[in-house]
$ cat protein_2.txt   # compact mmCIF, C-alpha atoms
# COMPACT_ATOMS: atom_id res chain seq x y z
CA MET A 1 104.95 80.57 87.27
CA ARG A 2 107.08 81.53 90.25
CA ASN A 3 109.76 82.23 87.64
CA LEU A 4 107.60 84.82 85.99
CA LEU A 5 107.05 86.54 89.30
CA SER A 6 110.77 86.52 90.06
CA VAL A 7 111.50 88.00 86.64
CA CYS A 8 109.02 90.78 87.32
CA CYS A 9 110.47 91.52 90.75
CA LEU A 10 113.93 91.55 89.20
CA LEU A 11 112.75 94.03 86.57
CA LEU A 12 111.44 96.35 89.27
CA LEU A 13 114.65 96.03 91.25
CA CYS A 14 116.72 96.87 88.17
CA ALA A 15 114.53 99.91 87.54
CA ALA A 16 115.03 101.11 91.11
CA LEU A 17 118.80 100.57 91.01
CA GLY A 18 118.95 102.14 87.57
CA SER A 19 117.22 105.20 88.90
CA ALA A 20 119.72 105.55 91.73
CA ALA A 21 122.58 105.31 89.24
CA ARG A 22 120.94 107.84 86.96
CA ASP A 23 120.54 110.30 89.83
CA GLU A 24 124.28 110.21 90.39
CA ASN A 25 124.86 111.01 86.73
CA ASP A 26 122.80 114.14 87.05
CA THR A 27 125.59 116.34 88.21
CA LYS A 28 125.73 117.98 84.77
CA SER A 29 124.84 121.66 84.89
CA ARG A 30 121.16 122.52 84.54
CA ARG A 31 121.99 124.89 81.72
CA SER A 32 122.69 121.93 79.50
CA SER A 33 119.23 120.39 79.98
CA MET A 34 117.36 123.59 79.08
CA ALA A 35 119.71 124.41 76.29
CA GLY A 36 119.18 120.91 74.84
CA ALA A 37 116.22 122.23 72.82
CA PRO A 38 116.56 121.62 69.06
CA THR A 39 117.01 124.94 67.24
CA THR A 40 113.60 124.79 65.55
CA ALA A 41 111.87 124.24 68.91
CA ALA A 42 113.89 126.99 70.60
CA ALA A 43 112.99 129.42 67.81
CA ARG A 44 109.22 129.04 68.29
CA ALA A 45 107.54 132.33 69.14
CA ASN A 46 105.37 132.71 72.21
CA PRO A 47 101.83 133.63 71.07
CA TYR A 48 101.27 135.41 74.40
CA GLU A 49 104.62 137.24 74.54
CA GLY A 50 104.36 140.08 77.09
CA ASN A 51 100.59 139.65 77.51
CA PRO A 52 99.73 140.53 81.15
CA ASP A 53 96.50 138.44 81.22
CA ALA A 54 98.39 135.41 79.96
CA ALA A 55 101.04 136.03 82.63
CA LYS A 56 98.30 136.15 85.30
CA ALA A 57 96.85 132.88 84.01
CA GLY A 58 100.42 131.53 83.97
CA ARG A 59 100.87 132.53 87.61
CA LYS A 60 97.64 130.65 88.49
CA LEU A 61 98.92 127.56 86.67
CA PHE A 62 102.37 127.90 88.25
CA LEU A 63 100.85 127.88 91.74
CA ARG A 64 98.84 124.76 90.89
CA HIS A 65 101.50 122.71 89.18
CA CYS A 66 104.96 124.02 89.94
CA ALA A 67 105.08 125.85 93.28
CA GLU A 68 105.27 122.62 95.29
CA CYS A 69 108.78 122.04 93.89
CA HIS A 70 109.98 125.49 92.84
CA GLY A 71 108.39 127.50 95.66
CA GLU A 72 105.58 130.07 95.43
CA ASP A 73 108.26 132.78 95.33
CA LEU A 74 110.17 130.92 92.54
CA ARG A 75 113.21 130.58 94.79
CA GLY A 76 113.41 126.78 94.43
CA VAL A 77 113.02 123.98 96.98
CA GLY A 78 115.53 121.14 97.44
CA LYS A 79 116.62 119.75 94.07
CA ALA A 80 114.29 122.05 92.11
CA PRO A 81 116.20 125.20 91.13
CA ALA A 82 115.06 128.81 91.48
CA LEU A 83 113.15 130.07 88.44
CA ASP A 84 113.70 133.78 88.97
CA SER A 85 117.29 133.40 87.78
CA ASP A 86 118.68 135.15 84.69
CA GLN A 87 119.14 131.70 83.22
CA VAL A 88 115.35 131.27 83.12
CA THR A 89 114.07 134.82 82.62
CA GLN A 90 116.54 135.51 79.80
CA ALA A 91 116.05 132.15 78.07
CA PRO A 92 114.25 132.24 74.71
CA GLY A 93 110.53 131.47 75.16
CA GLY A 94 110.76 128.55 72.75
CA GLU A 95 113.52 126.97 74.81
CA LEU A 96 111.50 127.22 78.01
CA PHE A 97 108.43 125.84 76.23
CA TRP A 98 110.45 122.89 74.93
CA PHE A 99 111.86 122.21 78.39
CA LEU A 100 108.40 122.31 80.00
CA THR A 101 107.06 119.91 77.38
CA ASN A 102 109.87 117.38 77.83
CA GLY A 103 110.95 117.98 81.42
CA ASN A 104 114.12 116.32 82.56
CA LEU A 105 112.85 112.93 83.66
CA ARG A 106 116.29 111.81 84.79
CA SER A 107 116.65 114.54 87.37
CA GLY A 108 113.08 114.87 88.61
CA MET A 109 111.59 117.62 86.46
CA PRO A 110 108.27 116.20 85.16
CA ALA A 111 107.17 116.52 81.53
CA TRP A 112 104.22 118.90 81.26
CA SER A 113 102.93 117.70 77.89
CA GLY A 114 99.69 116.82 79.71
CA LEU A 115 98.92 120.52 79.89
CA PRO A 116 97.62 121.96 76.59
CA GLU A 117 100.16 124.01 74.59
CA GLN A 118 98.31 127.25 75.35
CA LYS A 119 98.68 126.67 79.10
CA ARG A 120 102.39 125.89 78.71
CA TRP A 121 102.87 129.16 76.80
CA GLN A 122 100.95 131.01 79.51
CA ILE A 123 103.37 129.59 82.11
CA VAL A 124 106.34 130.62 79.93
CA THR A 125 104.87 134.14 79.72
CA TYR A 126 104.63 134.23 83.50
CA LEU A 127 108.19 132.96 84.03
CA LYS A 128 109.54 135.65 81.71
CA LEU A 129 107.55 138.43 83.41
CA ALA A 130 107.54 137.15 87.00
CA ARG A 131 110.27 139.47 88.24
CA LYS A 132 108.36 142.47 86.90
CA MET A 133 104.95 141.41 88.24
CA PRO A 134 103.71 142.83 91.55
CA ALA A 135 104.14 140.35 94.44
CA GLN A 136 100.82 138.60 95.20
CA MET B 1 34.35 95.49 96.77
CA PRO B 2 35.07 94.69 100.44
CA ASN B 3 36.62 91.43 99.32
CA LEU B 4 38.94 93.27 97.02
CA ILE B 5 40.04 95.58 99.80
CA LEU B 6 40.53 92.65 102.12
CA GLY B 7 42.53 90.89 99.47
CA ARG B 8 44.74 93.89 99.04
CA ARG B 9 45.20 94.24 102.77
CA ARG B 10 46.33 90.68 103.05
CA ARG B 11 49.10 91.20 100.49
CA ALA B 12 50.28 94.63 101.59
CA PRO B 13 52.42 93.95 104.71
CA GLN B 14 54.92 91.66 102.97
CA PRO B 15 58.45 92.51 104.23
CA VAL B 16 60.65 94.11 101.58
CA PRO B 17 64.15 92.59 101.75
CA SER B 18 66.83 95.18 102.22
CA PRO B 19 69.03 95.33 99.12
CA PHE B 20 72.19 95.32 101.23
CA PRO B 21 72.99 93.73 104.58
CA SER B 22 72.40 96.87 106.63
CA ARG B 23 75.48 96.81 108.92
CA SER B 24 78.10 96.30 106.25
CA TRP B 25 76.33 98.69 103.91
CA LYS B 26 76.39 101.41 106.57
CA LEU B 27 80.05 100.70 107.19
CA VAL B 28 80.87 101.07 103.50
CA ALA B 29 78.78 104.24 103.27
CA ARG B 30 80.55 105.76 106.31
CA ALA B 31 83.99 104.83 105.00
CA ALA B 32 83.13 106.34 101.60
CA VAL B 33 81.86 109.60 103.19
CA LEU B 34 85.00 109.80 105.38
CA ALA B 35 87.31 109.17 102.42
CA ALA B 36 85.43 111.68 100.27
CA SER B 37 85.61 114.40 102.95
CA ILE B 38 89.34 113.83 103.47
CA LEU B 39 89.85 114.08 99.73
CA ILE B 40 87.73 117.22 99.36
CA PHE B 41 88.81 119.20 102.41
CA CYS B 42 92.52 118.51 102.87
CA GLY B 43 94.99 120.79 101.08
CA GLY B 44 96.07 119.31 97.78
CA ALA B 45 97.84 120.01 94.51
CA TRP B 46 96.79 119.55 90.90
CA ALA B 47 97.76 116.51 88.93
CA GLN B 48 97.93 116.53 85.13
CA GLY B 49 95.70 113.53 85.74
CA ARG B 50 94.30 110.99 83.37
CA PRO B 51 90.59 111.28 82.84
CA TYR B 52 90.19 107.61 81.91
CA PHE B 53 89.11 104.80 84.21
CA VAL B 54 90.53 101.92 82.18
CA ALA B 55 92.90 103.29 79.52
CA TYR B 56 96.25 104.84 80.43
CA ASN B 57 98.15 107.67 78.83
CA HIS B 58 101.84 108.57 79.15
CA HIS B 59 101.42 111.22 81.83
CA MET B 60 103.05 110.11 85.05
CA GLU B 61 102.52 111.19 88.64
CA GLU B 62 104.89 114.02 89.58
CA PRO B 63 107.84 112.69 91.58
CA GLY B 64 107.16 112.70 95.32
CA ALA B 65 103.42 113.31 94.84
CA LEU B 66 100.76 110.98 96.22
CA GLU B 67 97.33 110.78 94.66
CA ILE B 68 94.52 109.08 96.54
CA SER B 69 91.34 108.18 94.75
CA VAL B 70 88.14 106.27 95.36
CA ASN B 71 86.46 104.77 92.31
CA PRO B 72 83.08 103.11 92.67
CA VAL B 73 81.44 101.31 89.75
CA PHE B 74 77.77 100.40 89.75
CA ALA B 75 76.77 97.56 87.45
CA SER B 76 73.51 96.04 86.32
CA GLN B 77 73.76 92.26 86.34
CA ALA B 78 71.70 89.88 84.19
CA GLY B 79 71.06 86.51 85.85
CA GLY B 80 72.32 87.77 89.20
CA ASN B 81 72.29 90.70 91.57
CA ASP B 82 73.35 94.24 90.69
CA PHE B 83 76.49 95.36 92.49
CA LEU B 84 78.64 98.28 93.52
CA ALA B 85 82.36 97.55 93.33
CA THR B 86 84.94 100.07 94.54
CA TRP B 87 88.67 100.44 94.31
CA VAL B 88 90.80 102.72 96.41
CA GLU B 89 93.95 103.76 94.59
CA LEU B 90 97.16 105.15 96.02
CA GLU B 91 99.37 106.48 93.24
CA TYR B 92 102.89 107.67 93.95
CA GLY B 93 105.44 109.33 91.70
CA ALA B 94 108.59 107.36 92.55
CA LYS B 95 110.52 109.15 89.78
CA ALA B 96 109.52 111.45 86.96
CA TRP B 97 109.64 108.33 84.72
CA TRP B 98 108.24 105.75 87.19
CA THR B 99 104.81 105.74 88.82
CA THR B 100 103.80 103.07 91.30
CA GLU B 101 100.25 102.35 92.47
CA PHE B 102 98.59 100.25 95.12
CA TYR B 103 94.93 99.25 94.92
CA LEU B 104 92.43 97.89 97.43
CA ASP B 105 89.34 96.31 95.85
CA SER B 106 85.94 95.67 97.41
CA GLN B 107 82.34 95.16 96.39
CA THR B 108 78.78 95.05 97.67
CA THR B 109 76.34 92.80 95.84
CA ARG B 110 72.64 93.48 96.32
CA ASN B 111 70.95 90.86 98.55
CA GLU B 112 74.30 89.18 99.17
CA SER B 113 77.23 90.71 101.02
CA THR B 114 79.96 93.33 101.16
CA LEU B 115 83.50 92.07 100.92
CA PHE B 116 87.10 92.99 100.42
CA THR B 117 88.26 91.29 97.24
CA GLY B 118 92.00 91.85 97.05
CA VAL B 119 94.97 94.04 96.22
CA ARG B 120 96.93 95.10 93.15
CA TRP B 121 100.36 96.61 92.77
CA GLU B 122 101.04 98.40 89.54
CA ASN B 123 104.14 100.06 88.07
CA ARG B 124 104.46 102.20 84.98
CA PHE B 125 107.73 103.15 83.32
CA ARG B 126 108.21 105.73 80.60
CA LEU B 127 110.41 104.17 77.96
CA LEU B 128 111.73 107.35 76.29
CA TRP B 129 113.16 110.45 77.93
CA ARG B 130 111.64 112.94 75.51
CA GLU B 131 108.21 113.64 74.03
CA HIS B 132 107.56 112.02 70.66
CA TRP B 133 104.63 111.55 68.32
CA ILE B 134 103.95 108.30 70.12
CA ASN B 135 105.10 107.91 73.70
CA PRO B 136 105.48 104.34 74.91
CA VAL B 137 105.03 103.33 78.55
CA PHE B 138 105.57 99.84 79.97
CA TYR B 139 103.06 98.73 82.59
CA ILE B 140 103.38 95.76 84.90
CA GLU B 141 100.96 94.77 87.63
CA TYR B 142 100.74 92.03 90.23
CA VAL B 143 97.17 91.12 91.13
CA ASP B 144 96.11 89.13 94.20
CA ILE B 145 92.32 88.99 94.29
CA ASN B 146 89.51 86.49 94.68
CA ASP B 147 86.94 85.53 92.08
CA ALA B 148 84.38 87.90 93.64
CA ASP B 149 86.39 90.92 92.43
CA LYS B 150 84.15 93.00 90.17
CA ILE B 151 85.89 96.34 89.67
CA MET B 152 86.53 95.65 85.96
CA LYS B 153 89.63 97.81 85.84
CA ASP B 154 90.62 95.73 82.83
CA VAL B 155 88.63 93.54 80.51
CA VAL B 156 90.68 90.71 79.00
CA GLY B 157 90.40 87.26 77.45
CA HIS B 158 86.85 85.91 77.53
CA ASP B 159 85.73 88.03 80.51
CA SER B 160 81.95 88.30 80.43
CA GLU B 161 78.98 89.45 82.46
CA ALA B 162 78.25 85.85 83.46
CA ASP B 163 81.52 85.76 85.49
CA HIS B 164 79.94 88.20 87.94
CA ALA B 165 76.74 86.22 88.48
CA THR B 166 78.40 83.67 90.77
CA PRO B 167 77.21 84.35 94.35
CA ASN B 168 79.81 86.03 96.59
CA ASP B 169 79.94 83.12 99.04
CA ILE B 170 81.17 80.81 96.29
CA ALA B 171 83.25 83.26 94.26
CA ARG B 172 85.25 84.53 97.23
CA ARG B 173 86.70 81.06 97.85
CA GLU B 174 88.71 81.07 94.64
CA ARG B 175 91.91 83.08 94.81
CA LYS B 176 93.49 84.52 91.65
CA ARG B 177 97.06 85.64 91.33
CA GLU B 178 97.88 87.31 88.05
CA ILE B 179 100.56 89.26 86.29
CA GLU B 180 99.35 91.84 83.86
CA MET B 181 101.42 93.75 81.35
CA LYS B 182 100.48 96.60 79.08
CA LEU B 183 102.13 98.52 76.35
CA ILE B 184 100.73 102.02 76.53
CA LEU B 185 101.09 104.21 73.45
CA SER B 186 99.99 107.77 73.88
CA SER B 187 100.06 110.91 71.77
CA THR B 188 99.12 114.55 72.12
CA VAL B 189 97.56 116.15 69.05
CA LYS B 190 96.10 119.67 69.11
CA GLY B 191 95.01 119.45 72.73
CA TRP B 192 93.72 115.89 72.36
CA ASN B 193 95.22 112.93 74.13
CA ILE B 194 94.95 109.72 72.14
CA SER B 195 95.94 106.53 73.94
CA GLU B 196 96.11 102.92 72.86
CA ASN B 197 96.80 100.14 75.35
CA ILE B 198 97.63 96.54 74.50
CA VAL B 199 97.02 94.24 77.44
CA ALA B 200 98.40 90.76 78.24
CA GLU B 201 97.41 89.00 81.44
CA LYS B 202 98.56 85.69 82.89
CA ASN B 203 96.94 83.86 85.75
CA LEU B 204 99.84 82.38 87.67
CA THR B 205 98.22 78.95 87.78
CA ASN B 206 98.30 76.92 84.64
CA GLU B 207 96.10 79.17 82.49
CA PRO B 208 96.88 80.68 79.11
CA TRP B 209 97.86 84.28 78.44
CA GLU B 210 94.79 86.45 77.92
CA PHE B 211 94.69 89.60 75.85
CA GLY B 212 92.74 92.82 75.76
CA TYR B 213 92.79 96.36 74.48
CA ALA B 214 91.79 99.86 75.58
CA PHE B 215 91.57 103.08 73.59
CA GLY B 216 91.03 106.52 75.00
CA ALA B 217 90.63 110.00 73.55
CA SER B 218 90.13 113.13 75.61
CA ARG B 219 90.45 116.89 75.46
CA PRO B 220 89.96 119.76 77.91
CA LEU B 221 86.90 121.86 77.04
CA ALA B 222 89.16 124.95 76.86
CA LEU B 223 92.87 124.87 76.10
CA ALA B 224 93.94 128.17 77.69
CA ALA B 225 93.50 129.20 81.31
CA ARG B 226 91.62 132.29 82.47
CA PRO B 227 93.59 134.79 84.51
CA GLU B 228 91.21 134.51 87.47
CA ARG B 229 90.45 131.54 89.69
CA CYS B 230 87.28 129.83 88.49
CA VAL B 231 85.29 126.73 89.35
CA LEU B 232 82.86 126.11 86.50
CA CYS B 233 84.96 127.43 83.60
CA PRO B 234 85.57 125.09 80.63
CA GLU B 235 89.35 124.87 81.27
CA ASN B 236 88.52 122.79 84.39
CA PHE B 237 86.62 120.12 82.46
CA VAL B 238 88.01 117.29 80.36
CA ALA B 239 85.68 115.28 78.14
CA GLY B 240 86.57 112.03 76.48
CA VAL B 241 85.62 108.56 75.54
CA GLU B 242 87.13 105.14 76.07
CA LEU B 243 86.61 101.82 74.38
CA TYR B 244 87.89 98.58 75.86
CA GLY B 245 87.41 94.86 75.74
CA GLY B 246 88.86 91.36 75.58
CA LEU B 247 90.72 89.73 72.70
CA GLY B 248 90.54 86.09 73.76
CA ASP B 249 93.52 84.07 74.85
CA ARG B 250 96.57 82.33 73.46
CA TYR B 251 94.52 79.43 72.09
CA SER B 252 91.53 81.39 70.86
CA PHE B 253 92.68 84.85 69.96
CA GLY B 254 90.04 87.15 68.51
CA LEU B 255 86.68 88.67 69.26
CA LYS B 256 84.69 85.44 69.69
CA ASP B 257 83.08 85.19 73.17
CA THR B 258 84.56 88.45 74.39
CA SER B 259 82.97 91.52 75.92
CA HIS B 260 83.41 95.19 74.97
CA TYR B 261 82.48 98.56 76.40
CA LEU B 262 82.13 102.12 75.17
CA ALA B 263 82.27 104.87 77.78
CA PRO B 264 82.01 108.64 77.53
CA ILE B 265 83.87 110.39 80.38
CA LEU B 266 83.69 113.76 82.02
CA ALA B 267 86.32 114.93 84.52
CA TRP B 268 86.07 118.11 86.56
CA ASN B 269 89.17 119.54 88.20
CA LEU B 270 88.14 121.69 91.14
CA PRO B 271 90.44 124.62 92.01
CA ASN B 272 91.17 123.04 95.44
CA GLY B 273 92.93 120.10 93.78
CA THR B 274 90.09 117.55 93.85
CA THR B 275 89.10 115.81 90.63
CA LEU B 276 85.65 114.33 90.11
CA ARG B 277 85.03 111.92 87.26
CA VAL B 278 81.96 110.19 85.91
CA SER B 279 81.55 107.70 83.11
CA PRO B 280 78.32 106.01 82.01
CA THR B 281 79.50 102.83 80.31
CA PHE B 282 77.61 100.81 77.75
CA GLY B 283 78.12 97.15 76.99
CA LEU B 284 78.49 96.56 73.24
CA ASN B 285 77.46 92.92 72.97
CA ASP B 286 75.56 90.15 74.75
CA ASN B 287 78.59 89.11 76.81
CA SER B 288 78.94 92.59 78.30
CA HIS B 289 77.10 94.15 81.22
CA ARG B 290 74.35 96.24 79.71
CA PHE B 291 75.26 99.30 81.79
CA LEU B 292 77.96 100.41 84.23
CA LEU B 293 78.22 103.73 85.97
CA ARG B 294 81.70 104.68 87.10
CA PHE B 295 82.58 107.49 89.47
CA GLY B 296 85.95 108.71 90.68
CA ILE B 297 87.06 111.23 93.26
CA SER B 298 90.75 111.91 93.60
CA ARG B 299 93.12 114.27 95.29
CA GLU B 300 96.81 114.82 94.79
CA PHE B 301 99.19 115.62 97.64
CA GLY B 302 102.29 117.21 96.14
CA GLY B 303 105.61 116.88 97.94
CA PHE B 304 104.32 113.92 99.98
CA GLY B 305 107.59 111.99 99.69
CA ARG B 306 109.66 114.98 100.79
CA ARG B 307 107.42 115.61 103.80
CA VAL B 308 107.63 112.00 104.93
CA ALA B 309 111.43 112.00 104.46
CA ASN B 310 111.69 115.22 106.50
CA LEU B 311 109.63 113.66 109.28
CA PHE B 312 112.15 110.83 109.54
CA ARG B 313 115.07 113.24 109.43
CA GLY B 314 113.50 115.21 112.28
CA LYS B 315 113.02 118.30 110.08
CA LYS B 316 109.79 120.29 109.77
CA PRO B 317 107.58 118.34 107.30

$ encode --input "protein_2.txt" --output "structure tokens"
Amino acid sequence: MRNLLSVCCLLLLCAALGSAARDENDTKSRRSSMAGAPTTAAARANPYEGNPDAAKAGRKLFLRHCAECHGEDLRGVGKAPALDSDQVTQAPGGELFWFLTNGNLRSGMPAWSGLPEQKRWQIVTYLKLARKMPAQ
Amino acid sequence: MPNLILGRRRRAPQPVPSPFPSRSWKLVARAAVLAASILIFCGGAWAQGRPYFVAYNHHMEEPGALEISVNPVFASQAGGNDFLATWVELEYGAKAWWTTEFYLDSQTTRNESTLFTGVRWENRFRLLWREHWINPVFYIEYVDINDADKIMKDVVGHDSEADHATPNDIARRERKREIEMKLILSSTVKGWNISENIVAEKNLTNEPWEFGYAFGASRPLALAARPERCVLCPENFVAGVELYGGLGDRYSFGLKDTSHYLAPILAWNLPNGTTLRVSPTFGLNDNSHRFLLRFGISREFGGFGRRVANLFRGKKP
């Protein structure tokens, strides 16, 4: 049975080494990961487009789930990029929604499929309007 | 009449045995209060969290985040003493696709003793990079506990209520080292999470593979968030149900002599980042405990890994 244990430890070791190798591969531009959305997903319309209440709810959710990595002011922290960039605010809502749902597990952006769709759309609404919202 | 009163008087002063050895019980109570206050009052973040106690879904801990939780389970015990078993869980997001967890198990059995029953180390790996209809996760756990462990985090093989009737003094002498693997399949459908877990467990001594299953379904009470901060609003509650049990072992696969449980669950995410969970659990056959009551209190600390790394690099945490 020792063998079984060794196999398991080996598996864990491989996973850890694999992760280190994957991190090195992540030098590709961020644009490519967001733009990886299939066309049908990117074309989805935001049901809350431009809705100020949804943006406020999105801000609340952003502070709970995202600010730790991206900063309360959306300027980014460490590996997590700024989200007040043109790249994000100008991106189609569907593309942002797809990226939130899938994340980029290789480079440390979690998948947010655990949040209901409505909440993900509310966050998208906030990201799109953040630059226009009064600072809180 | 006077005789009756006398008779009553004679019986009245019988000493009532304390259900728990008072010193250790107080110690456990103090530790639980301390842990609970740390979890409630320290600054925390929100996890996407799984509401289940036994089943797993495909949502992983955010990378660098640490979640601490305390999970007591009270159980009624036929042919033995009722007990309160507790596990403390430290869950860390090693990567966005890899969550690792460390468990400390303990229990207090009425009229017997309070004891530490062992440790577990669990790892979960997401097998696909993207979201699909069904999202598979591979789970592997190393368990080093003694026979007095009663947390029932998994039910496998021919596990039954009778296993927990052995007095602590005897059960604690037998050490168990096990490897447990799970294939977790989890889907998101219209706000619902549906999870199926297939469990295989091997005691590292010469015992056969044992099997089990767990199903879970859950949904937040409201799918959209309100613009304002709120405590009791439906978006903060998740309701669900889980069903789990044993499937025998390699030589006697099936439902014969196995135990099964059905458990509604309610989770409440407080705006300060604490999650409270409760789950009254009902045994479905004669091999099962008639009733279990599970509680959970958890708190996520986002950016924990980065803060610790900064401490070592001499930067501001």

$ closest_residue --input "protein_2.txt" --among "B:Gly283, B:Gly191, B:Pro208, B:Gly157" --to "chain A" --atoms "all atoms listed in the file"
B:Gly191

$ closest_residue --input "protein_2.txt" --among "A:Pro52, A:Gly108, A:Pro81, A:Gly76" --to "chain B" --atoms "all atoms listed in the file"
A:Gly108

$ atom_distance --input "protein_2.txt" --atom1 "atom CA of A:Ala55" --atom2 "atom CA of A:Ala43"
20.2 Å

$ residues_around --input "protein_2.txt" --residues "B:Arg226" --least-positions-apart "5" --cutoff "8 Å" --atoms "all atoms listed in the file" --output "ChimeraX atom specification"
/A:53-54,57 /B:235

$ interface_residues --input "protein_2.txt" --of "chain B" --to "chain A" --cutoff "6 Å" --atoms "only C-alpha atoms" --output "VMD selection string"
chain B and resid 46 48 62 96 to 97 130 to 131 191 204 223 to 227

$ atom_distance --input "protein_2.txt" --atom1 "atom CA of B:Arg307" --atom2 "atom CA of B:Thr274"
20.1 Å

$ residues_around --input "protein_2.txt" --residues "A:Asn46" --least-positions-apart "2" --cutoff "7 Å" --atoms "only C-alpha atoms" --output "list in words"
Arg44, Tyr48, Glu49, Gly93, Gly94 and Trp121 of chain A

$ residues_around --input "protein_2.txt" --residues "A:Ala91" --least-positions-apart "4" --cutoff "9 Å" --atoms "only C-alpha atoms" --output "list in words"
Met34, Ala35, Asp86, Gln87, Glu95, Leu96 and Lys128 of chain A

$ residues_around --input "protein_2.txt" --residues "B:Phe282" --least-positions-apart "3" --cutoff "7 Å" --atoms "all atoms listed in the file" --output "ChimeraX atom specification"
/B:261-263,290-292

$ residues_around --input "protein_2.txt" --residues "stretch 238-246 of chain B" --least-positions-apart "3" --cutoff "8 Å" --atoms "only C-alpha atoms" --output "VMD selection string"
chain B and resid 51 to 52 54 to 55 154 to 159 211 to 221 235 255 258 to 268

$ atom_distance --input "protein_2.txt" --atom1 "atom CA of B:Cys230" --atom2 "atom CA of A:Glu72"
19.6 Å

$ closest_residue --input "protein_2.txt" --among "A:Met133, A:Val124, A:Ala80, A:Leu100" --to "B:Pro63" --atoms "only C-alpha atoms"
A:Ala80

$ build_atoms --input "protein_2.txt" --residues "stretch 227-232 of chain B" --atoms "all heavy atoms" --output "short mmCIF file (atom, residue, chain, number, x, y, z; two decimals), keeping the file's coordinate frame"
data_model
loop_
_atom_site.label_atom_id
_atom_site.label_comp_id
_atom_site.auth_asym_id
_atom_site.auth_seq_id
_atom_site.Cartn_x
_atom_site.Cartn_y
_atom_site.Cartn_z
N PRO B 227 92.69 134.21 83.52
CA PRO B 227 93.59 134.79 84.51
C PRO B 227 93.08 134.62 85.94
O PRO B 227 93.85 134.51 86.87
CB PRO B 227 93.63 136.28 84.14
CG PRO B 227 92.85 136.45 82.91
CD PRO B 227 92.15 135.19 82.58
N GLU B 228 91.72 134.58 86.10
CA GLU B 228 91.21 134.51 87.47
C GLU B 228 90.89 133.07 87.86
O GLU B 228 90.72 132.21 87.00
CB GLU B 228 89.96 135.41 87.62
CG GLU B 228 88.70 134.92 86.94
CD GLU B 228 88.66 135.20 85.43
OE1 GLU B 228 89.58 135.86 84.90
OE2 GLU B 228 87.72 134.71 84.78
N ARG B 229 90.81 132.85 89.16
CA ARG B 229 90.45 131.54 89.69
C ARG B 229 88.99 131.28 89.34
O ARG B 229 88.14 132.16 89.47
CB ARG B 229 90.63 131.60 91.20
CG ARG B 229 90.49 130.29 91.94
CD ARG B 229 90.62 130.60 93.43
NE ARG B 229 89.79 129.69 94.21
CZ ARG B 229 90.29 128.65 94.86
NH1 ARG B 229 91.57 128.40 94.86
NH2 ARG B 229 89.49 127.86 95.55
N CYS B 230 88.67 130.09 88.83
CA CYS B 230 87.28 129.83 88.49
C CYS B 230 86.96 128.36 88.74
O CYS B 230 87.84 127.51 88.74
CB CYS B 230 87.01 130.19 87.04
SG CYS B 230 88.15 129.43 85.90
N VAL B 231 85.70 128.09 88.99
CA VAL B 231 85.29 126.73 89.35
C VAL B 231 84.61 126.04 88.16
O VAL B 231 84.95 124.92 87.80
CB VAL B 231 84.32 126.77 90.56
CG1 VAL B 231 83.84 125.37 90.92
CG2 VAL B 231 84.99 127.43 91.75
N LEU B 232 83.66 126.76 87.54
CA LEU B 232 82.86 126.11 86.50
C LEU B 232 83.32 126.43 85.08
O LEU B 232 82.63 126.16 84.12
CB LEU B 232 81.40 126.54 86.66
CG LEU B 232 80.61 125.73 87.68
CD1 LEU B 232 79.26 126.36 87.95
CD2 LEU B 232 80.44 124.28 87.24
#
